[in-house]
file input-v4.cif (mmCIF, C-alpha atoms)
data_entry
loop_
_atom_site.label_atom_id
_atom_site.label_comp_id
_atom_site.auth_asym_id
_atom_site.auth_seq_id
_atom_site.Cartn_x
_atom_site.Cartn_y
_atom_site.Cartn_z
CA MET A 1 12.44 -8.77 -17.95
CA ALA A 2 15.04 -7.51 -15.47
CA ARG A 3 15.18 -4.16 -17.27
CA LYS A 4 11.37 -3.84 -17.09
CA THR A 5 11.45 -4.68 -13.40
CA GLU A 6 14.10 -1.98 -12.90
CA VAL A 7 11.78 0.47 -14.65
CA PHE A 8 8.99 -0.39 -12.21
CA ILE A 9 11.34 -0.05 -9.26
CA GLY A 10 12.27 3.37 -10.66
CA ILE A 11 8.59 4.27 -10.98
CA ALA A 12 8.04 3.19 -7.37
CA GLN A 13 10.94 5.41 -6.28
CA ALA A 14 9.64 8.37 -8.31
CA SER A 15 6.15 7.81 -6.88
CA TYR A 16 7.59 7.81 -3.37
CA GLU A 17 9.46 11.05 -4.09
CA LEU A 18 6.16 12.54 -5.33
CA HIS A 19 4.56 11.40 -2.04
CA ASN A 20 2.30 8.93 -3.85
CA LEU A 21 2.27 6.02 -1.43
CA ASN A 22 -0.65 4.26 -3.10
CA THR A 23 1.29 3.71 -6.33
CA THR A 24 4.53 2.95 -4.47
CA VAL A 25 2.88 0.27 -2.33
CA ALA A 26 1.00 -1.18 -5.34
CA ILE A 27 4.27 -1.66 -7.23
CA LEU A 28 6.11 -3.11 -4.22
CA ASP A 29 3.24 -5.51 -3.55
CA ALA A 30 3.14 -6.58 -7.22
CA LEU A 31 6.88 -7.28 -7.17
CA SER A 32 6.43 -9.48 -4.10
CA LYS A 33 3.78 -11.68 -5.72
CA PRO A 34 4.81 -15.36 -5.94
CA TRP A 35 4.80 -15.41 -9.74
CA ILE A 36 7.30 -12.52 -9.78
CA HIS A 37 9.29 -13.53 -6.70
CA ARG A 38 10.01 -16.99 -8.14
CA LEU A 39 11.76 -15.56 -11.22
CA GLN A 40 15.22 -15.54 -9.63
CA ALA A 41 17.16 -16.54 -12.75
CA SER A 42 15.20 -14.35 -15.17
CA ILE A 43 14.73 -11.21 -13.11
CA TRP A 44 16.11 -10.83 -9.61
CA SER A 45 19.64 -12.10 -10.30
CA ARG A 46 19.92 -9.69 -13.26
CA ILE A 47 18.75 -6.52 -11.54
CA SER A 48 21.48 -3.99 -10.86
CA LYS A 49 22.77 -3.55 -7.32
CA ALA A 50 21.50 0.04 -7.35
CA HIS A 51 17.94 -1.07 -8.20
CA ARG A 52 18.04 -3.91 -5.67
CA ALA A 53 19.14 -1.41 -3.01
CA MET A 54 16.43 1.05 -4.09
CA HIS A 55 13.80 -1.71 -3.91
CA GLN A 56 15.00 -2.85 -0.49
CA ARG A 57 15.07 0.74 0.85
CA LEU A 58 11.48 1.36 -0.29
CA CYS A 59 10.35 -1.93 1.25
CA ASP A 60 12.06 -1.05 4.52
CA LEU A 61 10.58 2.47 4.58
CA LEU A 62 7.06 1.22 4.02
CA GLY A 63 7.19 -2.02 6.00
CA ARG A 64 6.71 -4.18 2.90
CA HIS A 65 8.20 -7.58 2.04
CA SER A 66 10.91 -7.47 -0.58
CA SER A 67 11.74 -10.35 -2.87
CA SER A 68 15.20 -10.51 -1.31
CA SER A 69 13.91 -10.38 2.25
CA SER A 70 12.65 -13.43 4.03
CA SER A 71 11.24 -11.47 6.94
CA SER A 72 7.54 -11.03 7.25
CA SER A 73 5.69 -8.13 8.72
CA ASN A 74 2.24 -8.18 10.14
CA SER A 75 -0.54 -5.91 8.96
CA ASN A 76 -0.43 -3.64 12.02
CA SER A 77 3.29 -2.89 11.76
CA THR A 78 2.97 -2.39 8.01
CA SER A 79 0.08 0.04 8.46
CA SER A 80 1.96 1.85 11.20
CA ALA A 81 5.08 2.18 9.05
CA ILE A 82 3.10 3.51 6.11
CA ASN A 83 1.05 5.91 8.21
CA ALA A 84 4.04 7.25 10.17
CA ASN A 85 5.95 7.79 6.95
CA PHE A 86 3.01 9.44 5.23
CA THR A 87 2.08 11.92 7.95
CA GLN A 88 5.56 13.49 7.69
CA MET A 89 5.22 14.15 3.96
CA SER A 90 4.29 17.56 2.59
CA TYR A 91 1.42 18.22 0.16
CA PRO A 92 0.52 17.23 -2.47
CA LYS A 93 0.38 13.59 -1.48
CA VAL A 94 -1.60 10.45 -2.22
CA PRO A 95 -2.16 8.10 0.72
CA PHE A 96 -1.98 4.34 0.70
CA LEU A 97 -5.73 3.87 0.43
CA GLY A 98 -5.54 0.38 1.90
CA TRP A 99 -4.60 1.91 5.25
CA TYR A 100 -7.69 4.13 5.27
CA LEU A 101 -9.95 1.27 4.17
CA GLU A 102 -8.49 -0.98 6.86
CA HIS A 103 -8.95 1.75 9.47
CA LEU A 104 -12.57 2.39 8.45
CA SER A 105 -13.33 -1.33 8.25
CA ASN A 106 -11.87 -1.98 11.69
CA LEU A 107 -13.79 0.95 13.10
CA ASP A 108 -17.03 -0.29 11.55
CA SER A 109 -16.62 -3.84 12.81
CA THR A 110 -15.32 -3.08 16.32
CA ALA A 111 -17.06 0.11 17.45
CA PRO A 112 -20.74 -0.31 18.30
CA LYS A 113 -23.36 1.82 16.53
CA TYR A 114 -25.10 2.48 19.84
CA ILE A 115 -23.73 3.03 23.31
CA ASP A 116 -26.69 1.70 25.27
CA ALA A 117 -28.47 -1.64 25.46
CA ALA A 118 -31.80 -0.17 24.25
CA GLN A 119 -30.04 1.06 21.10
CA THR A 120 -31.34 4.57 21.46
CA LEU A 121 -28.06 6.45 22.03
CA ILE A 122 -25.95 6.71 18.87
CA ASN A 123 -22.20 6.26 19.26
CA PHE A 124 -21.24 9.72 18.00
CA GLU A 125 -17.56 9.06 18.76
CA LYS A 126 -17.54 6.31 16.12
CA TYR A 127 -19.10 8.54 13.48
CA ALA A 128 -16.89 11.50 14.42
CA THR A 129 -13.84 9.28 13.83
CA VAL A 130 -15.23 8.18 10.45
CA ALA A 131 -15.83 11.83 9.57
CA SER A 132 -12.29 12.80 10.56
CA VAL A 133 -10.83 10.08 8.34
CA LEU A 134 -12.96 11.22 5.40
CA LEU A 135 -12.02 14.87 6.05
CA GLU A 136 -8.36 13.90 6.04
CA ILE A 137 -8.79 12.29 2.60
CA GLU A 138 -10.73 15.32 1.39
CA LYS A 139 -7.96 17.62 2.63
CA MET A 140 -5.44 15.75 0.50
CA GLN A 141 -7.67 16.25 -2.55
CA GLN A 142 -7.43 20.02 -2.06
CA HIS A 143 -3.73 19.91 -3.00
CA PRO A 144 -3.54 18.64 -6.60
CA TYR A 145 -0.38 17.78 -8.48
CA ARG A 146 0.55 20.09 -11.35
CA PHE A 147 1.28 17.57 -14.11
CA VAL A 148 1.13 18.28 -17.82
CA PRO A 149 -0.65 15.43 -19.67
CA ASN A 150 1.57 13.45 -22.05
CA GLU A 151 -0.61 12.56 -25.04
CA GLU A 152 1.81 9.90 -26.29
CA ILE A 153 1.60 7.98 -23.01
CA ILE A 154 -2.17 8.42 -22.81
CA VAL A 155 -2.64 6.98 -26.32
CA TRP A 156 -0.30 4.07 -25.56
CA LEU A 157 -2.09 3.19 -22.32
CA LEU A 158 -5.51 3.37 -23.94
CA SER A 159 -4.39 1.10 -26.80
CA ALA A 160 -2.80 -1.62 -24.61
CA ARG A 161 -4.52 -4.96 -25.15
CA GLY A 162 -3.92 -8.69 -24.88
CA TRP A 163 -2.17 -8.98 -21.54
CA LEU A 164 -1.47 -12.51 -20.33
CA SER A 165 -2.27 -13.44 -16.75
CA SER A 166 0.64 -12.90 -14.39
CA GLU A 167 0.83 -16.56 -13.44
CA ARG A 168 0.83 -17.73 -17.07
CA LEU A 169 3.45 -15.20 -18.12
CA SER A 170 5.64 -16.23 -15.16
CA ALA A 171 5.46 -19.89 -16.21
CA ILE A 172 6.36 -19.00 -19.82
CA ILE A 173 9.36 -16.89 -18.82
CA GLU A 174 10.82 -19.34 -16.32
CA PRO A 175 9.18 -22.80 -16.25
CA ALA A 176 8.55 -24.23 -12.82
CA THR A 177 11.06 -26.72 -11.48
CA THR A 178 8.86 -28.28 -8.80
CA ASP A 179 5.77 -30.43 -9.07
CA ALA A 180 4.05 -28.33 -6.40
CA TYR A 181 4.07 -25.24 -8.59
CA VAL A 182 2.78 -27.21 -11.58
CA LEU A 183 -0.08 -28.56 -9.46
CA LEU A 184 -1.01 -25.03 -8.42
CA GLN A 185 -1.29 -24.02 -12.06
CA GLU A 186 -3.80 -26.77 -12.91
#

call {"tool": "encode", "arguments": {"input": "input-v4.cif", "output": "structure tokens"}}
result
Amino acid sequence: MARKTEVFIGIAQASYELHNLNTTVAILDALSKPWIHRLQASIWSRISKAHRAMHQRLCDLLGRHSSSSSSSSNSNSTSSAINANFTQMSYPKVPFLGWYLEHLSNLDSTAPKYIDAAQTLINFEKYATVASVLLEIEKMQQHPYRFVPNEEIIVWLLSARGWLSSERLSAIIEPATTDAYVLLQE
């Protein structure tokens, strides 16, 4: 399991180098899930120092929690870290879509649709901001990656079946040692 985790850390690093923050953040977030984080004996203690350092560096760059870090970061600082890091990257690039969804959701819930009490004057500033966010995403789509499809990987991915739930697999690999975790599984 440690070797597979190292592979995913390597994929996260390669994704970061390709300016694909969505995949990088997805992998880092998956590795911080409780059912992965709790596997100290099976995974984290067996990961090479180089991979632990790579994982920690990516977490620090993107304001994410690492399994070896007890610090927590709030959503605003995490979004700021991701956005600041992303804006400096050259094209092609894939944004962390969660940041854009959070931004659009906050805009929708906080900015009024109308700017007058009679609800006759539309808040064009709100909709101009929404349009600028969507144009930014569209601009990124104008710069595609130049990858050559790998048929072997495509076939393997399409044939994958029978995955166990993450929580169940975690319990099989390294049985829980506390009653609290067992109660959560019931």

call {"tool": "resolve_selection", "arguments": {"input": "input-v4.cif", "expression": "the PyMOL selection byres ((chain A and resi 137-141) around 10)", "output": "PDB file with C-alpha atoms, in the coordinates of the input"}}
result
ATOM      1  CA  TYR A  91       1.420  18.220   0.160  1.00  0.00           C
ATOM      2  CA  PRO A  92       0.520  17.230  -2.470  1.00  0.00           C
ATOM      3  CA  LYS A  93       0.380  13.590  -1.480  1.00  0.00           C
ATOM      4  CA  VAL A  94      -1.600  10.450  -2.220  1.00  0.00           C
ATOM      5  CA  PRO A  95      -2.160   8.100   0.720  1.00  0.00           C
ATOM      6  CA  LEU A  97      -5.730   3.870   0.430  1.00  0.00           C
ATOM      7  CA  TYR A 100      -7.690   4.130   5.270  1.00  0.00           C
ATOM      8  CA  ALA A 131     -15.830  11.830   9.570  1.00  0.00           C
ATOM      9  CA  SER A 132     -12.290  12.800  10.560  1.00  0.00           C
ATOM     10  CA  VAL A 133     -10.830  10.080   8.340  1.00  0.00           C
ATOM     11  CA  LEU A 134     -12.960  11.220   5.400  1.00  0.00           C
ATOM     12  CA  LEU A 135     -12.020  14.870   6.050  1.00  0.00           C
ATOM     13  CA  GLU A 136      -8.360  13.900   6.040  1.00  0.00           C
ATOM     14  CA  GLN A 142      -7.430  20.020  -2.060  1.00  0.00           C
ATOM     15  CA  HIS A 143      -3.730  19.910  -3.000  1.00  0.00           C
ATOM     16  CA  PRO A 144      -3.540  18.640  -6.600  1.00  0.00           C
ATOM     17  CA  TYR A 145      -0.380  17.780  -8.480  1.00  0.00           C
TER      18      TYR A 145
END

call {"tool": "closest_residue", "arguments": {"input": "input-v4.cif", "among": "A:Met1, A:Val130, A:Ile122, A:Ala53", "to": "A:Asp108", "atoms": "only C-alpha atoms"}}
result
A:Val130

call {"tool": "atom_distance", "arguments": {"input": "input-v4.cif", "atom1": "atom CA of A:Lys33", "atom2": "atom CA of A:Arg168"}}
result
13.2 Å

call {"tool": "atom_distance", "arguments": {"input": "input-v4.cif", "atom1": "atom CA of A:Trp35", "atom2": "atom CA of A:Ile173"}}
result
10.3 Å

call {"tool": "atom_distance", "arguments": {"input": "input-v4.cif", "atom1": "atom CA of A:Ile172", "atom2": "atom CA of A:His37"}}
result
14.5 Å

call {"tool": "closest_residue", "arguments": {"input": "input-v4.cif", "among": "A:Leu58, A:Ala2, A:Val148, A:Ala50", "to": "A:Ala26", "atoms": "all atoms listed in the file"}}
result
A:Leu58

call {"tool": "resolve_selection", "arguments": {"input": "input-v4.cif", "expression": "the PyMOL selection byres ((chain A and resi 23) around 10)", "output": "list of chain:residue names"}}
result
A:Ile11, A:Ala12, A:Gln13, A:Ala14, A:Ser15, A:Tyr16, A:His19, A:Asn20, A:Leu21, A:Asn22, A:Thr24, A:Val25, A:Ala26, A:Ile27, A:Leu28, A:Asp29, A:Val94, A:Pro95, A:Phe96, A:Leu97

call {"tool": "write_last_selection", "arguments": {"input": "input-v4.cif", "atoms": "C-alpha atoms", "output": "short mmCIF file (atom, residue, chain, number, x, y, z; two decimals), in the coordinates of the input"}}
result
data_model
loop_
_atom_site.label_atom_id
_atom_site.label_comp_id
_atom_site.auth_asym_id
_atom_site.auth_seq_id
_atom_site.Cartn_x
_atom_site.Cartn_y
_atom_site.Cartn_z
CA ILE A 11 8.59 4.27 -10.98
CA ALA A 12 8.04 3.19 -7.37
CA GLN A 13 10.94 5.41 -6.28
CA ALA A 14 9.64 8.37 -8.31
CA SER A 15 6.15 7.81 -6.88
CA TYR A 16 7.59 7.81 -3.37
CA HIS A 19 4.56 11.40 -2.04
CA ASN A 20 2.30 8.93 -3.85
CA LEU A 21 2.27 6.02 -1.43
CA ASN A 22 -0.65 4.26 -3.10
CA THR A 24 4.53 2.95 -4.47
CA VAL A 25 2.88 0.27 -2.33
CA ALA A 26 1.00 -1.18 -5.34
CA ILE A 27 4.27 -1.66 -7.23
CA LEU A 28 6.11 -3.11 -4.22
CA ASP A 29 3.24 -5.51 -3.55
CA VAL A 94 -1.60 10.45 -2.22
CA PRO A 95 -2.16 8.10 0.72
CA PHE A 96 -1.98 4.34 0.70
CA LEU A 97 -5.73 3.87 0.43
#

call {"tool": "closest_residue", "arguments": {"input": "input-v4.cif", "among": "A:Leu39, A:Leu18, A:Val7, A:Asn85", "to": "A:His51", "atoms": "all atoms listed in the file"}}
result
A:Val7

call {"tool": "closest_residue", "arguments": {"input": "input-v4.cif", "among": "A:Arg146, A:Lys126, A:Arg64, A:Arg3", "to": "A:Ser48", "atoms": "only C-alpha atoms"}}
result
A:Arg3

call {"tool": "closest_residue", "arguments": {"input": "input-v4.cif", "among": "A:Leu121, A:Ile153, A:Leu158, A:Met89", "to": "A:Glu17", "atoms": "all atoms listed in the file"}}
result
A:Met89

call {"tool": "closest_residue", "arguments": {"input": "input-v4.cif", "among": "A:Ser45, A:Ser90, A:Thr5, A:Gln119", "to": "A:Ser32", "atoms": "all atoms listed in the file"}}
result
A:Thr5

call {"tool": "axis_aligned_box", "arguments": {"input": "input-v4.cif", "around": "stretch 108-115 of chain A", "padding_each_side": "4 Å", "output": "AutoDock Vina command-line options"}}
result
--center_x -20.2 --center_y -0.4 --center_z 17.4 --size_x 17.8 --size_y 14.9 --size_z 19.8
